[in-house]
Every structure is written in C-alpha cells, then in structure tokens.
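File shown here: final_15.tsv, holding TSV, C-alpha atoms.
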```tsv
chain	number	residue	atom	x	y	z
A	279	MET	CA	0.00	0.00	0.00
A	280	THR	CA	1.19	3.53	-0.80
A	281	THR	CA	2.52	5.43	2.22
A	282	ILE	CA	1.70	9.15	2.47
A	283	ASN	CA	3.10	11.64	4.97
A	284	CYS	CA	0.55	13.84	6.73
A	285	VAL	CA	0.22	17.42	7.95
A	286	ILE	CA	-2.37	17.95	10.71
A	287	LEU	CA	-3.79	21.46	11.06
A	288	ALA	CA	-4.31	22.21	14.77
A	289	GLY	CA	-3.98	25.99	14.80
A	290	GLY	CA	-6.45	28.75	15.54
A	291	LEU	CA	-7.86	29.80	18.90
A	292	ALA	CA	-11.43	30.67	19.85
A	293	GLN	CA	-11.67	34.23	21.11
A	294	PRO	CA	-13.94	35.59	23.90
A	295	GLY	CA	-17.44	35.78	22.51
A	296	ASP	CA	-16.94	32.72	20.31
A	297	PRO	CA	-19.29	29.87	21.35
A	298	MET	CA	-16.25	27.57	21.62
A	299	TYR	CA	-14.35	29.86	23.99
A	300	GLU	CA	-16.06	28.59	27.14
A	301	LEU	CA	-14.96	25.05	26.29
A	302	THR	CA	-11.44	25.84	25.15
A	303	GLN	CA	-10.58	28.76	27.46
A	304	GLY	CA	-8.29	30.23	24.85
A	305	LYS	CA	-6.46	26.97	24.12
A	306	SER	CA	-6.52	24.97	20.90
A	307	LYS	CA	-9.68	22.91	20.53
A	308	ALA	CA	-7.38	20.06	19.46
A	309	LEU	CA	-6.62	19.71	23.20
A	310	LEU	CA	-10.25	19.14	24.21
A	311	ASP	CA	-10.80	15.88	26.08
A	312	MET	CA	-12.61	13.16	24.17
A	313	ASN	CA	-13.28	10.37	26.66
A	314	GLY	CA	-9.79	10.20	28.10
A	315	ARG	CA	-7.73	11.32	25.10
A	316	THR	CA	-7.47	14.70	23.46
A	317	MET	CA	-9.11	15.31	20.13
A	318	LEU	CA	-5.67	15.52	18.50
A	319	GLU	CA	-4.50	12.26	20.09
A	320	ARG	CA	-7.53	10.48	18.63
A	321	VAL	CA	-6.89	11.87	15.14
A	322	VAL	CA	-3.19	10.94	15.35
A	323	ASP	CA	-4.13	7.47	16.64
A	324	ALA	CA	-6.27	6.85	13.55
A	325	LEU	CA	-3.56	8.07	11.20
A	326	GLN	CA	-0.68	6.23	12.87
A	327	ASP	CA	-2.67	2.99	13.18
A	328	SER	CA	-3.56	3.04	9.48
A	329	HIS	CA	-1.46	1.22	6.89
A	330	SER	CA	-1.10	4.21	4.58
A	331	ILE	CA	0.33	7.06	6.68
A	332	GLY	CA	4.04	7.65	7.27
A	333	GLU	CA	5.33	10.60	9.27
A	334	ILE	CA	3.16	13.35	10.76
A	335	VAL	CA	3.71	17.07	11.23
A	336	VAL	CA	1.30	18.90	13.56
A	337	VAL	CA	0.93	22.63	12.90
A	338	GLY	CA	-0.34	24.94	15.62
A	339	LEU	CA	0.93	23.68	18.98
A	340	GLY	CA	4.74	23.64	18.82
A	341	SER	CA	5.22	20.52	20.98
A	342	ASP	CA	3.47	17.40	22.32
A	343	LEU	CA	2.21	19.38	25.37
A	344	GLY	CA	2.19	16.18	27.42
A	345	MET	CA	0.18	14.16	24.92
A	346	GLN	CA	1.13	10.56	24.16
A	347	PHE	CA	1.28	9.28	20.59
A	348	HIS	CA	1.93	5.76	19.32
A	349	LYS	CA	4.90	7.08	17.30
A	350	PRO	CA	6.80	10.38	17.45
A	351	VAL	CA	5.35	13.33	15.57
A	352	TYR	CA	6.96	16.57	14.43
A	353	HIS	CA	5.61	19.98	15.42
A	354	THR	CA	5.62	23.56	14.22
A	355	THR	CA	3.91	26.58	15.78
A	356	ASP	CA	0.79	28.43	14.70
A	357	HIS	CA	1.48	30.77	11.79
A	358	GLY	CA	-1.63	32.91	12.15
A	359	SER	CA	-4.07	31.63	9.53
A	360	LEU	CA	-5.37	28.42	8.00
A	361	LEU	CA	-3.50	29.11	4.77
A	362	LYS	CA	-0.21	30.02	6.47
A	363	ASN	CA	-0.47	26.95	8.69
A	364	ALA	CA	-1.04	24.68	5.71
A	365	LEU	CA	1.91	26.19	3.83
A	366	ALA	CA	4.13	25.96	6.94
A	367	GLY	CA	3.19	22.32	7.38
A	368	LEU	CA	3.92	21.52	3.75
A	369	ASP	CA	7.27	23.33	4.02
A	370	LYS	CA	8.20	21.36	7.14
A	371	MET	CA	7.26	18.05	5.55
A	372	ARG	CA	9.23	18.85	2.41
A	373	GLU	CA	12.20	19.79	4.60
A	374	LEU	CA	11.97	16.36	6.24
A	375	HIS	CA	11.27	14.51	2.99
A	376	PRO	CA	12.41	16.54	-0.02
A	377	GLU	CA	12.01	13.49	-2.24
A	378	THR	CA	8.28	13.16	-1.54
A	379	ASN	CA	5.68	15.47	-3.09
A	380	LEU	CA	2.33	13.96	-2.10
A	381	VAL	CA	1.08	15.08	1.33
A	382	LEU	CA	-2.18	14.49	3.17
A	383	LEU	CA	-3.67	17.58	4.84
A	384	CYS	CA	-5.93	16.66	7.76
A	385	SER	CA	-7.90	18.64	10.31
A	386	ALA	CA	-7.27	18.04	14.02
A	387	ASP	CA	-10.98	18.12	14.92
A	388	ILE	CA	-12.40	14.89	13.45
A	389	PRO	CA	-11.94	12.60	16.49
A	390	THR	CA	-14.16	9.73	15.28
A	391	LEU	CA	-11.78	9.11	12.37
A	392	THR	CA	-10.63	5.48	12.14
A	393	PRO	CA	-7.60	3.80	10.54
A	394	GLN	CA	-9.87	2.06	8.00
A	395	ILE	CA	-11.40	5.36	6.91
A	396	VAL	CA	-7.91	6.80	6.42
A	397	ASP	CA	-6.84	3.79	4.35
A	398	ASP	CA	-10.05	3.90	2.30
A	399	PHE	CA	-9.52	7.55	1.42
A	400	ILE	CA	-5.87	7.09	0.46
A	401	ALA	CA	-6.79	4.06	-1.68
A	402	SER	CA	-9.56	6.04	-3.40
A	403	CYS	CA	-6.98	8.65	-4.50
A	404	ALA	CA	-5.05	6.12	-6.66
A	405	PRO	CA	-3.26	6.35	-9.07
A	406	TYR	CA	-2.02	9.48	-7.23
A	407	ASP	CA	-1.60	11.58	-10.35
A	408	LYS	CA	-3.86	14.50	-9.34
A	409	GLY	CA	-2.67	17.89	-8.13
A	410	MET	CA	-5.30	17.70	-5.42
A	411	VAL	CA	-7.99	15.26	-4.28
A	412	TYR	CA	-10.77	16.78	-2.19
A	413	ASN	CA	-13.80	15.01	-0.80
A	414	PHE	CA	-17.36	15.75	0.27
A	415	VAL	CA	-19.91	13.83	2.33
A	416	ASP	CA	-23.59	14.16	1.51
A	417	LYS	CA	-26.20	15.18	4.07
A	418	ALA	CA	-27.97	11.81	4.09
A	419	THR	CA	-24.74	10.00	5.00
A	420	LEU	CA	-23.84	12.48	7.73
A	421	GLU	CA	-27.29	12.60	9.30
A	422	ALA	CA	-27.61	8.81	9.26
A	423	ARG	CA	-24.35	8.47	11.21
A	424	PHE	CA	-24.62	11.65	13.34
A	425	PRO	CA	-28.28	12.68	13.70
A	426	GLY	CA	-28.68	16.35	14.59
A	427	SER	CA	-25.04	17.12	13.82
A	428	LYS	CA	-25.84	20.70	12.72
A	429	ARG	CA	-23.18	20.59	10.04
A	430	THR	CA	-23.23	23.31	7.41
A	431	TYR	CA	-24.26	22.03	3.98
A	432	VAL	CA	-23.79	23.52	0.55
A	433	LYS	CA	-26.35	22.91	-2.19
A	434	LEU	CA	-24.73	21.67	-5.38
A	435	LYS	CA	-26.27	20.10	-8.45
A	436	ASP	CA	-25.09	16.77	-7.06
A	437	GLY	CA	-26.92	17.31	-3.75
A	438	LEU	CA	-26.47	18.76	-0.27
A	439	ILE	CA	-22.87	18.23	0.78
A	440	ALA	CA	-20.41	19.04	3.57
A	441	GLY	CA	-16.67	19.34	3.07
A	442	GLY	CA	-14.44	16.49	4.17
A	443	ASP	CA	-11.48	17.32	6.41
A	444	MET	CA	-8.78	15.43	4.51
A	445	THR	CA	-7.18	16.52	1.24
A	446	LEU	CA	-4.40	14.86	-0.71
A	447	ILE	CA	-2.20	17.48	-2.38
A	448	GLN	CA	0.98	17.76	-4.42
A	449	ALA	CA	3.04	19.94	-2.10
A	450	ASP	CA	4.84	21.82	-4.84
A	451	LEU	CA	1.55	23.49	-5.81
A	452	ALA	CA	2.43	25.90	-3.00
A	453	ASP	CA	5.49	27.08	-4.93
A	454	THR	CA	3.72	28.45	-7.98
A	455	ASN	CA	0.23	29.26	-6.70
A	456	GLN	CA	0.86	31.49	-3.66
A	457	ASP	CA	-1.19	34.37	-5.07
A	458	MET	CA	-4.04	32.01	-5.90
A	459	TRP	CA	-4.08	30.44	-2.42
A	460	GLU	CA	-4.07	33.87	-0.80
A	461	ALA	CA	-6.85	35.12	-3.05
A	462	LEU	CA	-9.02	32.06	-2.40
A	463	THR	CA	-8.52	32.39	1.35
A	464	ASN	CA	-9.36	36.10	1.37
A	465	ALA	CA	-12.26	35.63	-1.03
A	466	ARG	CA	-14.27	33.23	1.12
A	467	LYS	CA	-16.52	36.06	2.37
A	468	HIS	CA	-16.33	38.32	-0.67
A	469	ALA	CA	-18.14	37.04	-3.75
A	470	TRP	CA	-16.51	39.44	-6.22
A	471	GLN	CA	-13.03	38.38	-5.10
A	472	LEU	CA	-14.04	34.74	-5.41
A	473	ALA	CA	-15.36	35.36	-8.90
A	474	ARG	CA	-12.08	36.98	-9.89
A	475	VAL	CA	-10.26	33.79	-8.91
A	476	VAL	CA	-12.65	31.05	-10.04
A	477	GLY	CA	-14.57	32.93	-12.76
A	478	PHE	CA	-17.99	34.56	-12.90
A	479	ARG	CA	-19.53	31.58	-14.68
A	480	PHE	CA	-18.49	29.29	-11.81
A	481	LEU	CA	-19.87	31.68	-9.20
A	482	PHE	CA	-23.11	32.19	-11.16
A	483	LYS	CA	-23.71	28.43	-11.34
A	484	PHE	CA	-22.97	28.14	-7.61
A	485	LEU	CA	-25.51	30.85	-6.77
A	486	LEU	CA	-28.11	29.08	-8.94
A	487	ARG	CA	-27.26	25.80	-7.19
A	488	GLN	CA	-26.30	24.26	-10.51
A	489	LEU	CA	-22.63	23.72	-9.70
A	490	SER	CA	-21.45	20.12	-10.13
A	491	PHE	CA	-18.41	18.17	-9.02
A	492	ALA	CA	-17.24	18.30	-12.65
A	493	ASP	CA	-17.44	22.11	-12.58
A	494	ILE	CA	-15.28	22.19	-9.44
A	495	GLU	CA	-12.72	19.88	-11.03
A	496	GLN	CA	-12.60	22.02	-14.19
A	497	ALA	CA	-12.13	25.21	-12.15
A	498	ALA	CA	-9.37	23.58	-10.10
A	499	LEU	CA	-7.60	22.49	-13.30
A	500	ARG	CA	-7.84	26.00	-14.71
A	501	ILE	CA	-6.49	27.58	-11.51
A	502	THR	CA	-3.73	25.11	-10.63
A	503	GLY	CA	-2.80	23.89	-14.09
A	504	ARG	CA	-3.13	20.29	-12.92
A	505	PRO	CA	-5.95	17.74	-12.97
A	506	CYS	CA	-7.79	17.66	-9.63
A	507	SER	CA	-10.45	15.32	-8.33
A	508	VAL	CA	-13.52	15.64	-6.11
A	509	LEU	CA	-14.83	12.50	-4.42
A	510	LEU	CA	-18.04	11.71	-2.58
A	511	ASN	CA	-16.84	9.95	0.56
A	512	PRO	CA	-19.08	7.25	2.12
A	513	ASN	CA	-17.64	7.79	5.61
A	514	ALA	CA	-19.41	10.50	7.64
A	515	GLU	CA	-16.59	10.62	10.20
A	516	ILE	CA	-14.27	12.35	7.73
A	517	ALA	CA	-16.57	15.39	7.72
A	518	MET	CA	-17.84	15.34	11.32
A	519	ASP	CA	-15.75	18.08	12.85
A	520	ALA	CA	-16.10	19.93	16.14
A	521	ASP	CA	-16.86	23.56	15.27
A	522	LYS	CA	-19.60	24.12	17.87
A	523	PRO	CA	-20.10	23.13	21.53
A	524	GLU	CA	-23.05	20.92	20.63
A	525	GLN	CA	-20.88	19.08	18.09
A	526	VAL	CA	-18.23	18.52	20.76
A	527	ALA	CA	-20.91	17.03	23.01
A	528	LEU	CA	-22.22	14.83	20.19
A	529	LEU	CA	-18.73	13.53	19.38
A	530	ARG	CA	-17.93	12.86	23.04
A	531	ALA	CA	-21.14	10.89	23.45
A	532	ASP	CA	-20.49	8.91	20.27
A	533	ILE	CA	-16.95	7.97	21.33
A	534	GLU	CA	-18.09	6.99	24.83
A	535	LYS	CA	-20.91	4.83	23.42
A	536	ARG	CA	-18.63	3.05	20.96
A	537	GLU	CA	-15.94	2.39	23.56
A	538	LYS	CA	-18.40	1.04	26.09
A	539	ALA	CA	-19.73	-1.33	23.44
A	540	SER	CA	-16.28	-2.58	22.43
```
Take the structure in the file and write it out as structure tokens.
Amino acid sequence: MTTINCVILAGGLAQPGDPMYELTQGKSKALLDMNGRTMLERVVDALQDSHSIGEIVVVGLGSDLGMQFHKPVYHTTDHGSLLKNALAGLDKMRELHPETNLVLLCSADIPTLTPQIVDDFIASCAPYDKGMVYNFVDKATLEARFPGSKRTYVKLKDGLIAGGDMTLIQADLADTNQDMWEALTNARKHAWQLARVVGFRFLFKFLLRQLSFADIEQAALRITGRPCSVLLNPNAEIAMDADKPEQVALLRADIEKREKAS
C-alpha cells in the first residue's frame, strides 16, 4: 500500500465571545478531552494505526504538550491563519522529505476518524496523479451516522454536501500558486473576489445551485494547471468536525458509546 506523509492542522484559537471559547478557554480545541484522550490524540491514533500514513507534522501547537502518541510526531507553531499553517506544514514536511511530493492535509478536529477510513480515502486517490484530491460527504450520509449534527451544507447540483477534512495534495503546488491560495482564502466572504479567482460563470452556477463536481474539477484544473479530483466519501466521520459546543458534546457521546460497546 502507498505510504503518504501527513500534515495535521491544529492551529487557531477561539476568542472571547466565540461559542467555543467557554470550552477551550483560549487553548486549541485540538486539546479538548474526548473520553480520556485529546481530540488531537484520537486523530493521530487513527492516522498512525492506518497502513497508509508515514510521518506526521502537527501545525499549531509547537510541541506534544504532554500528549502521548503511538509514534513520534513533528511539530511547528501556529502561523496565524489556515493558509499560512497549511503552507508551513507543507514546508516542514518537504524539509523532512524533499524526495516526496504527495502530502495528506488533515484537520485536528475529526476525532471519530478510524484507521480504515484513512486507508479507504488514500486508496480512493489512486493512481495518485492529481494535483489535489478533495472530498465531500452528503447530508444523508452524515445525518444517518450523526443525527442532529448541525453541520453546514452547501447545495450543489449533485446534492447537499459538507466538506471532508482530509485533502491529498501535491506539495509543490504551493510554490507556484501562492497568489491564488491567498486570493481564495481572502475571497471566502467576498463574492466578487471569489469570482475573480474562479470565474464569474463558476460563481453564477454556484448561486443558482447548478454547480457540479465536474465544474469544481474544471475550475481547479484552470487555476492550478493540474488535474484535480472531487470524491463523494461514504464515511461520515471524515466530515464530522467539532466547530460548535453541541458538536463537541455529540462527538464525546459517540466515542463513549462506541468504547463502552467494544
């Protein structure tokens, strides 16, 4: 099986007034307890116990902070934004493994992730010739596994979907697409900036809810210059992140129930 190195994004802090602040008290939500292990430890467990993941770099904490992992992990500090953290993680991994270009980007807040789900996603990315492989989970799959999850869904032509929290990427895309990454990051809340990057036709179809996976792949090819792929993932856990206190409670209850039953 192909072995992929992984960058885990664990940066960002909830500020006073944010619904998550009372839970996190200004610390990374990756450190929240999930039935005896932190959220980050559970994500790292799933990755390290899989057959397809090699070394791991965690961005956002700077050290293990007393956590215990099955194998050593590397760390780098928070760089101030999701984009800067991703680029810093890719840079660190390329420093460690300059011969390897494919890297898995993974969020630190999907604690019900399992080794099998990791292996399934990596296998689904074969033959590993895409600049980027992104995945969605549809609403029916998420609600069947996590009823009342209160995830945010986007209406596409292919259905109601939520973004998955793992992306396989060719790390050298960061070398030639810095302006594009910055524009996409800044454009998330400004439609005209987004249109400038992805095109008015793309944005128009999105607003009319006629955007398809094929449209996203074509836009990604146009922007990056490389074929990219969008997958519909059958595993709800890959998109069940902890963005709200009620989602933290749901995930804690799910983990406790599963571990009591095992």
*Name the closest residue to Gln496 (chain A) among the candidates A:Pro389, A:Gly477, A:Gly358, A:Gly289; distances are taken between atoms, counting only C-alpha atoms.*
A:Gly477
*Just the residues within 12 Å of Arg423 (chain A), please, counting all atoms listed in the file, with nothing from its chain fewer than 5 positions along; format it as a list of chain:residue names.*
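Surrounding residues, per the criterion: A:Thr390, A:Val415, A:Asp416, A:Lys417, A:Ala418, A:Pro512, A:Asn513, A:Ala514, A:Glu515, A:Ile516, A:Ala517, A:Met518, A:Leu528, A:Leu529, A:Asp532.
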Residues of the last selection are to be written out with C-alpha atoms, as an mmCIF file, in the frame of the given file.
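Saved result, part_31.cif, follows:
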```
data_model
loop_
_atom_site.group_PDB
_atom_site.id
_atom_site.type_symbol
_atom_site.label_atom_id
_atom_site.label_comp_id
_atom_site.auth_asym_id
_atom_site.auth_seq_id
_atom_site.Cartn_x
_atom_site.Cartn_y
_atom_site.Cartn_z
ATOM 1 C CA THR A 390 -14.160 9.730 15.280
ATOM 2 C CA VAL A 415 -19.910 13.830 2.330
ATOM 3 C CA ASP A 416 -23.590 14.160 1.510
ATOM 4 C CA LYS A 417 -26.200 15.180 4.070
ATOM 5 C CA ALA A 418 -27.970 11.810 4.090
ATOM 6 C CA PRO A 512 -19.080 7.250 2.120
ATOM 7 C CA ASN A 513 -17.640 7.790 5.610
ATOM 8 C CA ALA A 514 -19.410 10.500 7.640
ATOM 9 C CA GLU A 515 -16.590 10.620 10.200
ATOM 10 C CA ILE A 516 -14.270 12.350 7.730
ATOM 11 C CA ALA A 517 -16.570 15.390 7.720
ATOM 12 C CA MET A 518 -17.840 15.340 11.320
ATOM 13 C CA LEU A 528 -22.220 14.830 20.190
ATOM 14 C CA LEU A 529 -18.730 13.530 19.380
ATOM 15 C CA ASP A 532 -20.490 8.910 20.270
#
```
*Mind giving me the straight-line distance from CA of Leu325 (chain A) to CA of Thr280 (chain A) in Å, one decimal?*
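It comes out at 13.7 Å.
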*Would you mind telling me which residue in A:Lys370, A:Lys428, A:His348, A:Lys535 lies nearest to Ile286 (chain A) when using only C-alpha atoms?*
A:Lys370
How big is the axis-aligned box, and where does its centre sit, when it encloses all atoms of region 297-309 of chain A listed in the file and has 4 Å added on every side, reported in Å to one decimal as JSON?
```
{"center_x": -12.9, "center_y": 25.0, "center_z": 23.5, "size_x": 20.8, "size_y": 18.5, "size_z": 16.0}
```
_Restricting the calculation to all atoms listed in the file: of A:Phe347, A:Lys435, A:Arg530, A:Arg504, which residue gets closest to Asp407 (chain A)?_
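Of the candidates, the smallest distance to Asp407 (chain A) is held by A:Arg504.
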*How many Å lie between CA of Ala520 (chain A) and CA of Thr281 (chain A), rounded to one decimal?*
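CA of Thr281 (chain A) lies at a distance of 27.4 Å from CA of Ala520 (chain A).
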*State, in Å with one decimal place, the distance from CA of Ala497 (chain A) to CA of Met371 (chain A).*
27.2 Å
*asked:* So that I can check the surroundings of Leu310 (chain A), please list as an NGL selection string every protein, DNA and RNA residue that reaches within 12 Å of it, counting all atoms listed in the file and ignoring chain neighbours fewer than 5 positions away.
replied: :A and (288 or 298-305 or 315-320 or 345 or 386-389 or 520-521 or 523 or 526-527 or 529-530)
*Using all atoms listed in the file: which of A:Met410, A:Ala401, A:Val285, A:Leu509 has the shortest distance to Val351 (chain A)*: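 Closest to Val351 (chain A), using all atoms listed in the file: A:Val285.
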*Go through A:Asn379, A:Cys384, A:Leu287, A:Ser330 and flag the residue nearest Asp356 (chain A), using all atoms listed in the file for the distances.*
A:Leu287
*Give me the residues within 12 Å of Cys506 (chain A) as a PyMOL selection string, counting only C-alpha atoms and dropping any in the same chain fewer than 4 places off.*
chain A and resi 403+406-413+445-448+451+491-502
*Top pick for closest residue to Leu481 (chain A), considering A:Phe414, A:Arg372, A:Lys307, A:Leu434 and counting all atoms listed in the file*: A:Leu434
